[in-house]
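Shown below: structure37.csv, with CSV, N, CA and C atoms.
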chain,number,residue,atom,x,y,z
Z,885,LYS,N,24.7,-10.2,-12.6
Z,885,LYS,CA,24.0,-9.0,-12.1
Z,885,LYS,C,22.9,-9.4,-11.2
Z,886,SER,N,22.5,-10.6,-11.1
Z,886,SER,CA,21.4,-11.0,-10.3
Z,886,SER,C,21.7,-10.8,-8.8
Z,887,ILE,N,23.0,-10.7,-8.5
Z,887,ILE,CA,23.3,-10.5,-7.1
Z,887,ILE,C,22.9,-9.0,-6.7
Z,888,GLU,N,22.9,-8.1,-7.6
Z,888,GLU,CA,22.4,-6.8,-7.4
Z,888,GLU,C,20.9,-6.8,-7.0
Z,889,ILE,N,20.2,-7.6,-7.7
Z,889,ILE,CA,18.8,-7.7,-7.4
Z,889,ILE,C,18.6,-8.3,-6.0
Z,890,VAL,N,19.3,-9.3,-5.7
Z,890,VAL,CA,19.2,-9.9,-4.4
Z,890,VAL,C,19.5,-8.9,-3.3
Z,891,TYR,N,20.6,-8.1,-3.4
Z,891,TYR,CA,20.9,-7.1,-2.4
Z,891,TYR,C,19.9,-6.0,-2.4
Z,892,GLY,N,19.3,-5.6,-3.5
Z,892,GLY,CA,18.3,-4.6,-3.5
Z,892,GLY,C,17.1,-5.0,-2.8
Z,893,LEU,N,16.6,-6.3,-3.1
Z,893,LEU,CA,15.4,-6.8,-2.4
Z,893,LEU,C,15.7,-7.0,-0.9
Z,894,ARG,N,16.9,-7.4,-0.6
Z,894,ARG,CA,17.3,-7.6,0.8
Z,894,ARG,C,17.2,-6.3,1.6
Z,895,ASN,N,17.6,-5.2,1.0
Z,895,ASN,CA,17.6,-3.9,1.7
Z,895,ASN,C,16.1,-3.6,2.0
Z,896,PHE,N,15.2,-3.8,1.1
Z,896,PHE,CA,13.8,-3.4,1.3
Z,896,PHE,C,13.2,-4.4,2.3
Z,897,ILE,N,13.5,-5.7,2.2
Z,897,ILE,CA,12.9,-6.6,3.2
Z,897,ILE,C,13.5,-6.4,4.6
Z,898,GLY,N,14.8,-6.1,4.7
Z,898,GLY,CA,15.4,-5.7,6.0
Z,898,GLY,C,14.7,-4.5,6.6
Z,899,ASN,N,14.5,-3.5,5.8
Z,899,ASN,CA,13.8,-2.3,6.4
Z,899,ASN,C,12.4,-2.6,6.8
Z,900,ALA,N,11.7,-3.4,6.1
Z,900,ALA,CA,10.3,-3.8,6.5
Z,900,ALA,C,10.4,-4.6,7.8
Z,901,ASN,N,11.3,-5.5,8.0
Z,901,ASN,CA,11.5,-6.2,9.2
Z,901,ASN,C,11.9,-5.3,10.4
Z,902,LYS,N,12.7,-4.3,10.1
Z,902,LYS,CA,13.1,-3.4,11.2
Z,902,LYS,C,12.0,-2.5,11.6
Z,903,PHE,N,11.1,-2.1,10.7
Z,903,PHE,CA,10.1,-1.1,11.1
Z,903,PHE,C,8.7,-1.7,11.3
Z,904,SER,N,8.6,-3.0,11.1
Z,904,SER,CA,7.3,-3.7,11.4
Z,904,SER,C,7.0,-3.8,12.9
Z,905,LYS,N,5.7,-3.8,13.2
Z,905,LYS,CA,5.3,-4.1,14.6
Z,905,LYS,C,5.4,-5.6,14.8
Z,906,LYS,N,4.9,-6.4,13.9
Z,906,LYS,CA,4.8,-7.8,14.0
Z,906,LYS,C,5.0,-8.6,12.7
Z,907,ASN,N,4.5,-8.1,11.6
Z,907,ASN,CA,4.5,-8.8,10.4
Z,907,ASN,C,5.1,-8.1,9.2
Z,908,VAL,N,5.7,-8.9,8.3
Z,908,VAL,CA,6.1,-8.4,7.0
Z,908,VAL,C,5.4,-9.3,6.0
Z,909,PHE,N,4.9,-8.6,4.9
Z,909,PHE,CA,4.2,-9.4,3.9
Z,909,PHE,C,4.9,-9.2,2.6
Z,910,ILE,N,5.2,-10.3,1.9
Z,910,ILE,CA,5.9,-10.2,0.6
Z,910,ILE,C,5.0,-11.0,-0.4
Z,911,ASN,N,4.6,-10.3,-1.4
Z,911,ASN,CA,3.8,-10.9,-2.5
Z,911,ASN,C,4.6,-10.9,-3.8
Z,912,LEU,N,4.5,-11.9,-4.5
Z,912,LEU,CA,5.1,-12.0,-5.9
Z,912,LEU,C,4.0,-12.2,-6.9
Z,913,LYS,N,3.9,-11.4,-7.9
Z,913,LYS,CA,2.9,-11.5,-8.9
Z,913,LYS,C,3.6,-11.6,-10.3
Z,914,SER,N,3.2,-12.4,-11.1
Z,914,SER,CA,3.8,-12.5,-12.4
Z,914,SER,C,2.8,-13.0,-13.5
Z,915,ASP,N,2.9,-12.4,-14.6
Z,915,ASP,CA,2.1,-12.9,-15.8
Z,915,ASP,C,3.0,-12.9,-17.0
Z,916,SER,N,2.5,-12.9,-18.1
Z,916,SER,CA,3.4,-13.0,-19.3
Z,916,SER,C,4.1,-11.7,-19.6
Z,917,LYS,N,3.8,-10.6,-19.0
Z,917,LYS,CA,4.4,-9.3,-19.3
Z,917,LYS,C,5.2,-8.7,-18.2
Z,918,ILE,N,4.7,-8.9,-17.0
Z,918,ILE,CA,5.2,-8.1,-15.8
Z,918,ILE,C,5.5,-9.1,-14.6
Z,919,THR,N,6.6,-8.8,-13.9
Z,919,THR,CA,6.8,-9.5,-12.7
Z,919,THR,C,6.9,-8.4,-11.6
Z,920,GLU,N,6.2,-8.6,-10.5
Z,920,GLU,CA,6.1,-7.6,-9.5
Z,920,GLU,C,6.4,-8.2,-8.1
Z,921,VAL,N,7.2,-7.6,-7.3
Z,921,VAL,CA,7.4,-7.9,-5.9
Z,921,VAL,C,6.8,-6.8,-5.0
Z,922,ILE,N,5.9,-7.1,-4.1
Z,922,ILE,CA,5.4,-6.1,-3.2
Z,922,ILE,C,5.8,-6.5,-1.8
Z,923,ILE,N,6.4,-5.6,-1.1
Z,923,ILE,CA,6.9,-5.7,0.3
Z,923,ILE,C,6.2,-4.8,1.2
Z,924,GLU,N,5.4,-5.3,2.2
Z,924,GLU,CA,4.7,-4.4,3.1
Z,924,GLU,C,5.0,-4.8,4.5
Z,925,ASP,N,4.9,-3.8,5.4
Z,925,ASP,CA,5.0,-4.1,6.8
Z,925,ASP,C,3.8,-3.5,7.6
Z,926,ASP,N,3.6,-3.9,8.8
Z,926,ASP,CA,2.5,-3.4,9.6
Z,926,ASP,C,3.0,-2.3,10.6
Z,927,GLY,N,4.1,-1.6,10.3
Z,927,GLY,CA,4.6,-0.6,11.1
Z,927,GLY,C,3.8,0.7,11.0
Z,928,ASN,N,4.5,1.8,11.2
Z,928,ASN,CA,3.9,3.2,11.1
Z,928,ASN,C,3.9,3.8,9.7
Z,929,GLY,N,4.6,3.1,8.8
Z,929,GLY,CA,4.7,3.7,7.5
Z,929,GLY,C,5.8,4.7,7.3
Z,930,PHE,N,6.0,5.2,6.1
Z,930,PHE,CA,7.0,6.2,5.9
Z,930,PHE,C,6.5,7.6,6.5
Z,931,PRO,N,7.4,8.3,7.2
Z,931,PRO,CA,7.0,9.6,7.6
Z,931,PRO,C,6.6,10.5,6.5
Z,932,ASN,N,5.5,11.3,6.6
Z,932,ASN,CA,5.0,12.1,5.5
Z,932,ASN,C,6.1,13.1,5.0
Z,933,ASP,N,7.0,13.6,5.9
Z,933,ASP,CA,7.9,14.6,5.5
Z,933,ASP,C,9.0,14.1,4.6
Z,934,ILE,N,9.3,12.8,4.6
Z,934,ILE,CA,10.3,12.2,3.7
Z,934,ILE,C,9.7,11.4,2.5
Z,935,LEU,N,8.4,11.2,2.6
Z,935,LEU,CA,7.8,10.4,1.5
Z,935,LEU,C,8.2,10.9,0.1
Z,936,PRO,N,8.1,12.2,-0.2
Z,936,PRO,CA,8.4,12.6,-1.5
Z,936,PRO,C,9.9,12.5,-1.9
Z,937,LYS,N,10.8,12.3,-0.9
Z,937,LYS,CA,12.2,12.3,-1.1
Z,937,LYS,C,12.8,10.9,-1.0
Z,938,ILE,N,12.0,9.9,-0.9
Z,938,ILE,CA,12.4,8.5,-0.7
Z,938,ILE,C,13.3,8.1,-1.9
Z,939,GLY,N,14.4,7.5,-1.6
Z,939,GLY,CA,15.4,7.2,-2.6
Z,939,GLY,C,16.6,8.1,-2.7
Z,940,GLU,N,16.5,9.2,-2.0
Z,940,GLU,CA,17.7,10.1,-1.8
Z,940,GLU,C,18.4,9.7,-0.6
Z,941,PRO,N,19.8,9.8,-0.6
Z,941,PRO,CA,20.5,9.4,0.6
Z,941,PRO,C,20.5,10.6,1.6
Z,942,TYR,N,20.8,10.2,2.8
Z,942,TYR,CA,20.9,11.1,4.0
Z,942,TYR,C,19.6,11.9,4.3
Z,943,LEU,N,18.5,11.1,4.4
Z,943,LEU,CA,17.2,11.6,4.8
Z,943,LEU,C,17.1,11.4,6.3
Z,944,ARG,N,16.5,12.3,6.9
Z,944,ARG,CA,16.1,12.1,8.4
Z,944,ARG,C,14.8,12.8,8.6
Z,945,SER,N,13.8,12.1,9.1
Z,945,SER,CA,12.5,12.7,9.4
Z,945,SER,C,12.6,13.5,10.7
Z,946,SER,N,11.9,14.6,10.7
Z,946,SER,CA,11.8,15.4,11.8
Z,946,SER,C,10.7,14.9,12.8
Z,947,SER,N,9.9,14.0,12.4
Z,947,SER,CA,8.8,13.5,13.2
Z,947,SER,C,9.0,12.2,13.9
Z,948,THR,N,10.2,11.6,13.7
Z,948,THR,CA,10.4,10.3,14.3
Z,948,THR,C,11.0,10.5,15.7
Z,949,ASN,N,10.3,9.8,16.7
Z,949,ASN,CA,10.7,9.9,18.1
Z,949,ASN,C,11.6,8.8,18.5
Z,950,ASP,N,11.4,7.6,17.9
Z,950,ASP,CA,12.2,6.4,18.3
Z,950,ASP,C,13.5,6.4,17.5
Z,951,LYS,N,14.6,6.8,18.1
Z,951,LYS,CA,15.9,6.9,17.3
Z,951,LYS,C,16.5,5.6,17.0
Z,952,SER,N,16.0,4.5,17.7
Z,952,SER,CA,16.5,3.2,17.4
Z,952,SER,C,16.0,2.7,16.0
Z,953,LYS,N,14.9,3.3,15.6
Z,953,LYS,CA,14.3,2.9,14.3
Z,953,LYS,C,14.4,4.0,13.3
Z,954,THR,N,15.5,4.7,13.3
Z,954,THR,CA,15.8,5.7,12.2
Z,954,THR,C,17.1,5.3,11.5
Z,955,GLY,N,17.3,6.0,10.4
Z,955,GLY,CA,18.5,5.8,9.7
Z,955,GLY,C,18.7,7.0,8.8
Z,956,LEU,N,19.5,6.9,7.8
Z,956,LEU,CA,19.8,8.0,6.9
Z,956,LEU,C,19.2,7.8,5.5
Z,957,GLY,N,18.5,6.7,5.4
Z,957,GLY,CA,17.9,6.4,4.1
Z,957,GLY,C,18.8,5.8,3.1
Z,958,LEU,N,20.0,5.4,3.6
Z,958,LEU,CA,21.0,4.8,2.7
Z,958,LEU,C,20.6,3.4,2.2
Z,959,GLY,N,19.9,2.6,3.0
Z,959,GLY,CA,19.5,1.3,2.6
Z,959,GLY,C,18.4,1.4,1.5
Z,960,LEU,N,17.5,2.4,1.6
Z,960,LEU,CA,16.5,2.6,0.6
Z,960,LEU,C,17.2,3.1,-0.7
Z,961,PHE,N,18.1,4.0,-0.5
Z,961,PHE,CA,18.9,4.6,-1.7
Z,961,PHE,C,19.6,3.5,-2.4
Z,962,ILE,N,20.3,2.7,-1.7
Z,962,ILE,CA,21.1,1.6,-2.3
Z,962,ILE,C,20.2,0.6,-3.0
Z,963,GLY,N,19.1,0.2,-2.3
Z,963,GLY,CA,18.2,-0.8,-2.8
Z,963,GLY,C,17.5,-0.3,-4.1
Z,964,LYS,N,17.1,0.9,-4.0
Z,964,LYS,CA,16.4,1.5,-5.2
Z,964,LYS,C,17.4,1.7,-6.4
Z,965,THR,N,18.6,2.1,-6.1
Z,965,THR,CA,19.6,2.3,-7.2
Z,965,THR,C,19.9,0.9,-7.8
Z,966,LEU,N,20.2,-0.1,-7.0
Z,966,LEU,CA,20.6,-1.4,-7.6
Z,966,LEU,C,19.4,-2.0,-8.4
Z,967,LEU,N,18.2,-1.9,-7.9
Z,967,LEU,CA,17.1,-2.4,-8.7
Z,967,LEU,C,16.8,-1.6,-10.0
Z,968,GLU,N,16.9,-0.3,-9.9
Z,968,GLU,CA,16.6,0.5,-11.1
Z,968,GLU,C,17.7,0.3,-12.1
Z,969,LYS,N,19.0,0.0,-11.7
Z,969,LYS,CA,20.1,-0.3,-12.6
Z,969,LYS,C,19.7,-1.6,-13.4
Z,970,ASN,N,18.9,-2.4,-12.8
Z,970,ASN,CA,18.5,-3.7,-13.4
Z,970,ASN,C,17.1,-3.6,-13.9
Z,971,PHE,N,16.7,-2.4,-14.4
Z,971,PHE,CA,15.4,-2.2,-15.1
Z,971,PHE,C,14.2,-2.3,-14.3
Z,972,ALA,N,14.2,-2.2,-13.0
Z,972,ALA,CA,13.0,-2.2,-12.2
Z,972,ALA,C,12.4,-0.8,-12.0
Z,973,LEU,N,11.2,-0.8,-11.9
Z,973,LEU,CA,10.5,0.5,-11.4
Z,973,LEU,C,10.2,0.3,-9.9
Z,974,VAL,N,10.6,1.2,-9.1
Z,974,VAL,CA,10.4,1.1,-7.7
Z,974,VAL,C,9.5,2.2,-7.2
Z,975,ASN,N,8.5,1.8,-6.5
Z,975,ASN,CA,7.5,2.8,-5.9
Z,975,ASN,C,7.4,2.6,-4.4
Z,976,CYS,N,7.8,3.6,-3.7
Z,976,CYS,CA,7.6,3.5,-2.2
Z,976,CYS,C,6.5,4.4,-1.8
Z,977,ARG,N,5.6,3.9,-0.9
Z,977,ARG,CA,4.5,4.6,-0.4
Z,977,ARG,C,4.0,4.0,0.8
Z,978,ASN,N,3.0,4.6,1.5
Z,978,ASN,CA,2.4,4.0,2.6
Z,978,ASN,C,1.3,3.1,2.1
Z,979,SER,N,1.1,2.0,2.7
Z,979,SER,CA,0.2,0.9,2.3
Z,979,SER,C,-1.2,1.4,2.3
Z,980,GLU,N,-2.0,1.0,1.3
Z,980,GLU,CA,-3.4,1.4,1.2
Z,980,GLU,C,-4.3,0.3,1.9
Z,981,THR,N,-3.7,-0.8,2.2
Z,981,THR,CA,-4.4,-1.9,2.9
Z,981,THR,C,-4.0,-2.2,4.3
Z,982,ARG,N,-2.8,-1.8,4.7
Z,982,ARG,CA,-2.2,-2.0,6.0
Z,982,ARG,C,-1.8,-0.7,6.6
Z,983,THR,N,-1.2,-0.7,7.8
Z,983,THR,CA,-0.8,0.5,8.5
Z,983,THR,C,0.6,1.0,8.1
Z,984,GLY,N,1.4,0.1,7.5
Z,984,GLY,CA,2.8,0.4,7.3
Z,984,GLY,C,3.2,0.8,5.9
Z,985,ALA,N,4.5,0.7,5.7
Z,985,ALA,CA,5.1,1.0,4.4
Z,985,ALA,C,4.8,-0.1,3.3
Z,986,GLU,N,4.9,0.4,2.1
Z,986,GLU,CA,4.8,-0.6,1.0
Z,986,GLU,C,5.8,-0.2,-0.1
Z,987,VAL,N,6.5,-1.2,-0.6
Z,987,VAL,CA,7.4,-1.0,-1.7
Z,987,VAL,C,7.0,-1.9,-2.8
Z,988,ILE,N,6.7,-1.3,-4.0
Z,988,ILE,CA,6.3,-2.1,-5.2
Z,988,ILE,C,7.5,-2.1,-6.2
Z,989,ILE,N,8.0,-3.2,-6.5
Z,989,ILE,CA,9.1,-3.4,-7.4
Z,989,ILE,C,8.6,-4.1,-8.6
Z,990,LYS,N,8.7,-3.5,-9.8
Z,990,LYS,CA,8.1,-4.1,-11.0
Z,990,LYS,C,9.1,-4.1,-12.2
Z,991,TRP,N,9.1,-5.3,-12.9
Z,991,TRP,CA,9.9,-5.4,-14.1
Z,991,TRP,C,9.0,-5.8,-15.2
Z,992,LYS,N,9.4,-5.4,-16.4
Z,992,LYS,CA,8.9,-6.0,-17.6
Z,992,LYS,C,9.7,-7.3,-17.8
Z,993,ASN,N,9.0,-8.4,-18.1
Z,993,ASN,CA,9.7,-9.7,-18.2
Z,993,ASN,C,10.8,-9.7,-19.2
Z,994,LYS,N,10.5,-9.0,-20.3
Z,994,LYS,CA,11.6,-8.9,-21.4
Z,994,LYS,C,12.8,-8.3,-20.8
Z,995,ASP,N,12.7,-7.4,-19.9
Z,995,ASP,CA,14.0,-6.8,-19.3
Z,995,ASP,C,14.6,-7.8,-18.3
Z,996,LEU,N,13.8,-8.6,-17.6
Z,996,LEU,CA,14.4,-9.5,-16.7
Z,996,LEU,C,15.2,-10.6,-17.4
Z,997,PHE,N,14.8,-11.0,-18.6
Z,997,PHE,CA,15.5,-12.0,-19.3
Z,997,PHE,C,16.8,-11.5,-19.9
Z,998,ASN,N,17.0,-10.2,-19.9
Z,998,ASN,CA,18.3,-9.6,-20.4
Z,998,ASN,C,19.3,-9.3,-19.3
Z,999,ILE,N,18.9,-9.6,-18.1
Z,999,ILE,CA,19.9,-9.4,-17.0
Z,999,ILE,C,20.9,-10.5,-16.8

Translate the structure of the given file into C-alpha coordinates.
Amino acid sequence: KSIEIVYGLRNFIGNANKFSKKNVFINLKSDSKITEVIIEDDGNGFPNDILPKIGEPYLRSSSTNDKSKTGLGLGLFIGKTLLEKNFALVNCRNSETRTGAEVIIKWKNKDLFNI
(Lines of atoms letter the chains of each structure in order from A and count residues from 1; the text may use other names and numbers.)
(Lines give C-alpha, C1' and ligand atoms only; values in the text may rest on other atoms or scores of the structure.)
Protein backbone atom coordinates (compact mmCIF):
# COMPACT_ATOMS: atom_id res chain seq x y z
CA LYS A 1 0.00 0.00 0.00
CA SER A 2 2.94 2.36 0.37
CA ILE A 3 2.80 2.99 -3.39
CA GLU A 4 -0.56 4.71 -2.78
CA ILE A 5 1.14 7.06 -0.32
CA VAL A 6 3.90 7.79 -2.85
CA TYR A 7 1.36 8.60 -5.57
CA GLY A 8 -0.72 10.74 -3.21
CA LEU A 9 2.30 12.76 -2.08
CA ARG A 10 3.51 13.06 -5.66
CA ASN A 11 0.20 14.60 -6.75
CA PHE A 12 0.44 17.31 -4.10
CA ILE A 13 4.14 17.98 -4.76
CA GLY A 14 3.46 18.13 -8.51
CA ASN A 15 0.69 20.67 -7.99
CA ALA A 16 2.93 22.77 -5.74
CA ASN A 17 5.57 22.72 -8.47
CA LYS A 18 3.04 23.64 -11.16
CA PHE A 19 1.56 26.56 -9.26
CA SER A 20 4.67 27.93 -7.55
CA LYS A 21 6.35 31.11 -8.72
CA LYS A 22 9.82 29.95 -7.76
CA ASN A 23 9.91 27.71 -4.67
CA VAL A 24 8.28 24.63 -3.20
CA PHE A 25 8.80 23.91 0.49
CA ILE A 26 8.41 20.42 1.94
CA ASN A 27 8.72 19.87 5.68
CA LEU A 28 8.58 16.59 7.52
CA LYS A 29 7.82 16.54 11.24
CA SER A 30 7.64 13.46 13.37
CA ASP A 31 7.50 12.62 17.05
CA SER A 32 6.46 9.55 18.97
CA LYS A 33 2.76 9.98 18.08
CA ILE A 34 2.37 11.92 14.81
CA THR A 35 4.07 12.12 11.42
CA GLU A 36 3.30 15.17 9.33
CA VAL A 37 4.25 16.27 5.81
CA ILE A 38 3.69 19.93 4.95
CA ILE A 39 3.88 20.98 1.28
CA GLU A 40 3.83 24.70 0.50
CA ASP A 41 4.47 26.80 -2.57
CA ASP A 42 5.02 30.50 -3.18
CA GLY A 43 2.30 30.83 -5.82
CA ASN A 44 -1.06 32.57 -5.61
CA GLY A 45 -2.67 29.98 -3.34
CA PHE A 46 -5.99 28.24 -3.76
CA PRO A 47 -8.73 30.42 -5.27
CA ASN A 48 -11.20 31.40 -2.54
CA ASP A 49 -14.18 30.11 -4.53
CA ILE A 50 -12.89 26.51 -4.58
CA LEU A 51 -11.18 26.38 -1.19
CA PRO A 52 -14.22 24.91 0.62
CA LYS A 53 -14.61 22.26 -2.11
CA ILE A 54 -10.99 21.06 -2.34
CA GLY A 55 -10.89 17.31 -2.71
CA GLU A 56 -13.95 17.11 -4.95
CA PRO A 57 -13.34 16.22 -8.59
CA TYR A 58 -14.14 18.51 -11.51
CA LEU A 59 -13.56 21.84 -9.83
CA ARG A 60 -12.92 24.95 -11.85
CA SER A 61 -12.33 28.38 -10.39
CA SER A 62 -14.17 31.31 -11.91
CA SER A 63 -11.37 33.68 -10.91
CA THR A 64 -8.38 32.04 -12.65
CA ASN A 65 -7.12 33.92 -15.68
CA ASP A 66 -4.12 31.79 -16.60
CA LYS A 67 -5.66 28.70 -18.23
CA SER A 68 -2.26 26.99 -18.47
CA LYS A 69 -2.27 26.72 -14.68
CA THR A 70 -5.74 25.35 -14.20
CA GLY A 71 -7.13 21.87 -13.99
CA LEU A 72 -10.19 20.01 -12.89
CA GLY A 73 -8.99 19.23 -9.40
CA LEU A 74 -8.52 15.55 -10.25
CA GLY A 75 -4.94 15.46 -8.94
CA LEU A 76 -6.05 16.87 -5.60
CA PHE A 77 -9.00 14.49 -5.51
CA ILE A 78 -6.82 11.45 -6.28
CA GLY A 79 -4.05 12.49 -3.88
CA LYS A 80 -6.46 13.18 -1.05
CA THR A 81 -8.38 9.95 -1.64
CA LEU A 82 -5.24 7.77 -1.75
CA LEU A 83 -3.80 9.30 1.40
CA GLU A 84 -7.06 9.19 3.35
CA LYS A 85 -7.44 5.52 2.35
CA ASN A 86 -4.15 5.07 4.16
CA PHE A 87 -5.29 6.75 7.38
CA ALA A 88 -3.99 10.28 6.67
CA LEU A 89 -5.75 13.50 7.57
CA VAL A 90 -5.37 15.95 4.68
CA ASN A 91 -5.90 19.67 5.14
CA CYS A 92 -5.64 22.04 2.16
CA ARG A 93 -5.52 25.78 2.80
CA ASN A 94 -3.70 28.94 1.86
CA SER A 95 -0.42 29.31 3.69
CA GLU A 96 -0.30 31.45 6.79
CA THR A 97 3.43 32.12 6.35
CA ARG A 98 3.87 32.32 2.56
CA THR A 99 1.79 33.56 -0.37
CA GLY A 100 0.81 30.19 -1.80
CA ALA A 101 -1.06 27.00 -1.06
CA GLU A 102 -0.34 24.68 1.83
CA VAL A 103 -1.22 21.02 2.21
CA ILE A 104 -0.82 19.38 5.60
CA ILE A 105 -0.83 15.58 5.63
CA LYS A 106 -0.84 13.96 9.04
CA TRP A 107 -0.77 10.38 10.30
CA LYS A 108 -0.90 8.83 13.71
CA ASN A 109 2.25 6.71 13.82
CA LYS A 110 0.30 3.69 15.02
CA ASP A 111 -1.72 3.87 11.77
CA LEU A 112 1.42 4.17 9.63
CA PHE A 113 2.84 0.99 11.11
CA ASN A 114 -0.32 -0.89 10.03
CA ILE A 115 -0.02 0.05 6.36

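Proximity to Ile923 in chain Z at 5 Å, evaluated using all atoms listed in the file and with sequence-adjacent residues fewer than 5 positions away removed, yields Phe909, Ile910, Glu986 and Val987 of chain Z.
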
Listing only residues of range 890-935 of chain Z within 12 Å of range 968-971 of chain Z, what is the closest atom pair and its distance in Å (to one decimal) for each, using only C-alpha atoms, sorted by chain and residue number ascending, as JSON lines?
{"residue": "Z:Val890", "atom": "CA", "partner": "Z:Asn970", "partner_atom": "CA", "distance": 11.0}
{"residue": "Z:Tyr891", "atom": "CA", "partner": "Z:Asn970", "partner_atom": "CA", "distance": 11.8}
{"residue": "Z:Gly892", "atom": "CA", "partner": "Z:Glu968", "partner_atom": "CA", "distance": 9.3}
{"residue": "Z:Leu893", "atom": "CA", "partner": "Z:Glu968", "partner_atom": "CA", "distance": 11.4}
{"residue": "Z:Ile918", "atom": "CA", "partner": "Z:Phe971", "partner_atom": "CA", "distance": 11.8}
{"residue": "Z:Thr919", "atom": "CA", "partner": "Z:Phe971", "partner_atom": "CA", "distance": 11.5}

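Reported to one decimal place, the separation of atom C of Glu924 in chain Z from CA of Gly984 in chain Z is 6.3 Å.
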
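Computed from the coordinates, the CA of Asn998 in chain Z to CA of Leu912 in chain Z distance equals 19.8 Å.
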
query = Got a sec: who's within 10 Å of Leu935 in chain Z, counting only C-alpha atoms, leaving out chain neighbours fewer than 3 positions off, as a list in words?
reply = Gly929, Phe930, Pro931, Asn932, Ile938, Gly939, Ser945, Cys976, Arg977 and Asn978 of chain Z

Would you export the selected residues with N, CA and C atoms as a CSV table (one decimal), in the frame of the given file, please?
chain,number,residue,atom,x,y,z
Z,929,GLY,N,4.6,3.1,8.8
Z,929,GLY,CA,4.7,3.7,7.5
Z,929,GLY,C,5.8,4.7,7.3
Z,930,PHE,N,6.0,5.2,6.1
Z,930,PHE,CA,7.0,6.2,5.9
Z,930,PHE,C,6.5,7.6,6.5
Z,931,PRO,N,7.4,8.3,7.2
Z,931,PRO,CA,7.0,9.6,7.6
Z,931,PRO,C,6.6,10.5,6.5
Z,932,ASN,N,5.5,11.3,6.6
Z,932,ASN,CA,5.0,12.1,5.5
Z,932,ASN,C,6.1,13.1,5.0
Z,938,ILE,N,12.0,9.9,-0.9
Z,938,ILE,CA,12.4,8.5,-0.7
Z,938,ILE,C,13.3,8.1,-1.9
Z,939,GLY,N,14.4,7.5,-1.6
Z,939,GLY,CA,15.4,7.2,-2.6
Z,939,GLY,C,16.6,8.1,-2.7
Z,945,SER,N,13.8,12.1,9.1
Z,945,SER,CA,12.5,12.7,9.4
Z,945,SER,C,12.6,13.5,10.7
Z,976,CYS,N,7.8,3.6,-3.7
Z,976,CYS,CA,7.6,3.5,-2.2
Z,976,CYS,C,6.5,4.4,-1.8
Z,977,ARG,N,5.6,3.9,-0.9
Z,977,ARG,CA,4.5,4.6,-0.4
Z,977,ARG,C,4.0,4.0,0.8
Z,978,ASN,N,3.0,4.6,1.5
Z,978,ASN,CA,2.4,4.0,2.6
Z,978,ASN,C,1.3,3.1,2.1

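Across the structure, atom N of Thr981 in chain Z and CA of Gly963 in chain Z are spaced 22.5 Å apart.
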
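Those residues positioned at most 8 Å from (18.8, 3.0, 1.7) are Asn895, Phe896, Gly939, Glu940, Pro941, Tyr942, Leu956, Gly957, Leu958, Gly959, Leu960, Phe961, Ile962, Gly963, Lys964 and Thr965 of chain Z, judged using all atoms listed in the file.
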
task = Taking the DSSP assignment computed from this structure's backbone, write out as a PyMOL selection string all residues of chain Z that belong to alpha helix (DSSP H).
result = chain Z and resi 886-903+958-969+993-996

inquiry  = Can you tell me, as a ChimeraX atom specification, which residues in chain Z count as strand (DSSP E) by DSSP?
reply    = /Z:908-914,918-925,973-978,985-992

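Considering only C-alpha atoms, the residue among Z:Asn975, Z:Leu966, Z:Val908, Z:Phe903 positioned nearest to Pro936 in chain Z is Z:Asn975.
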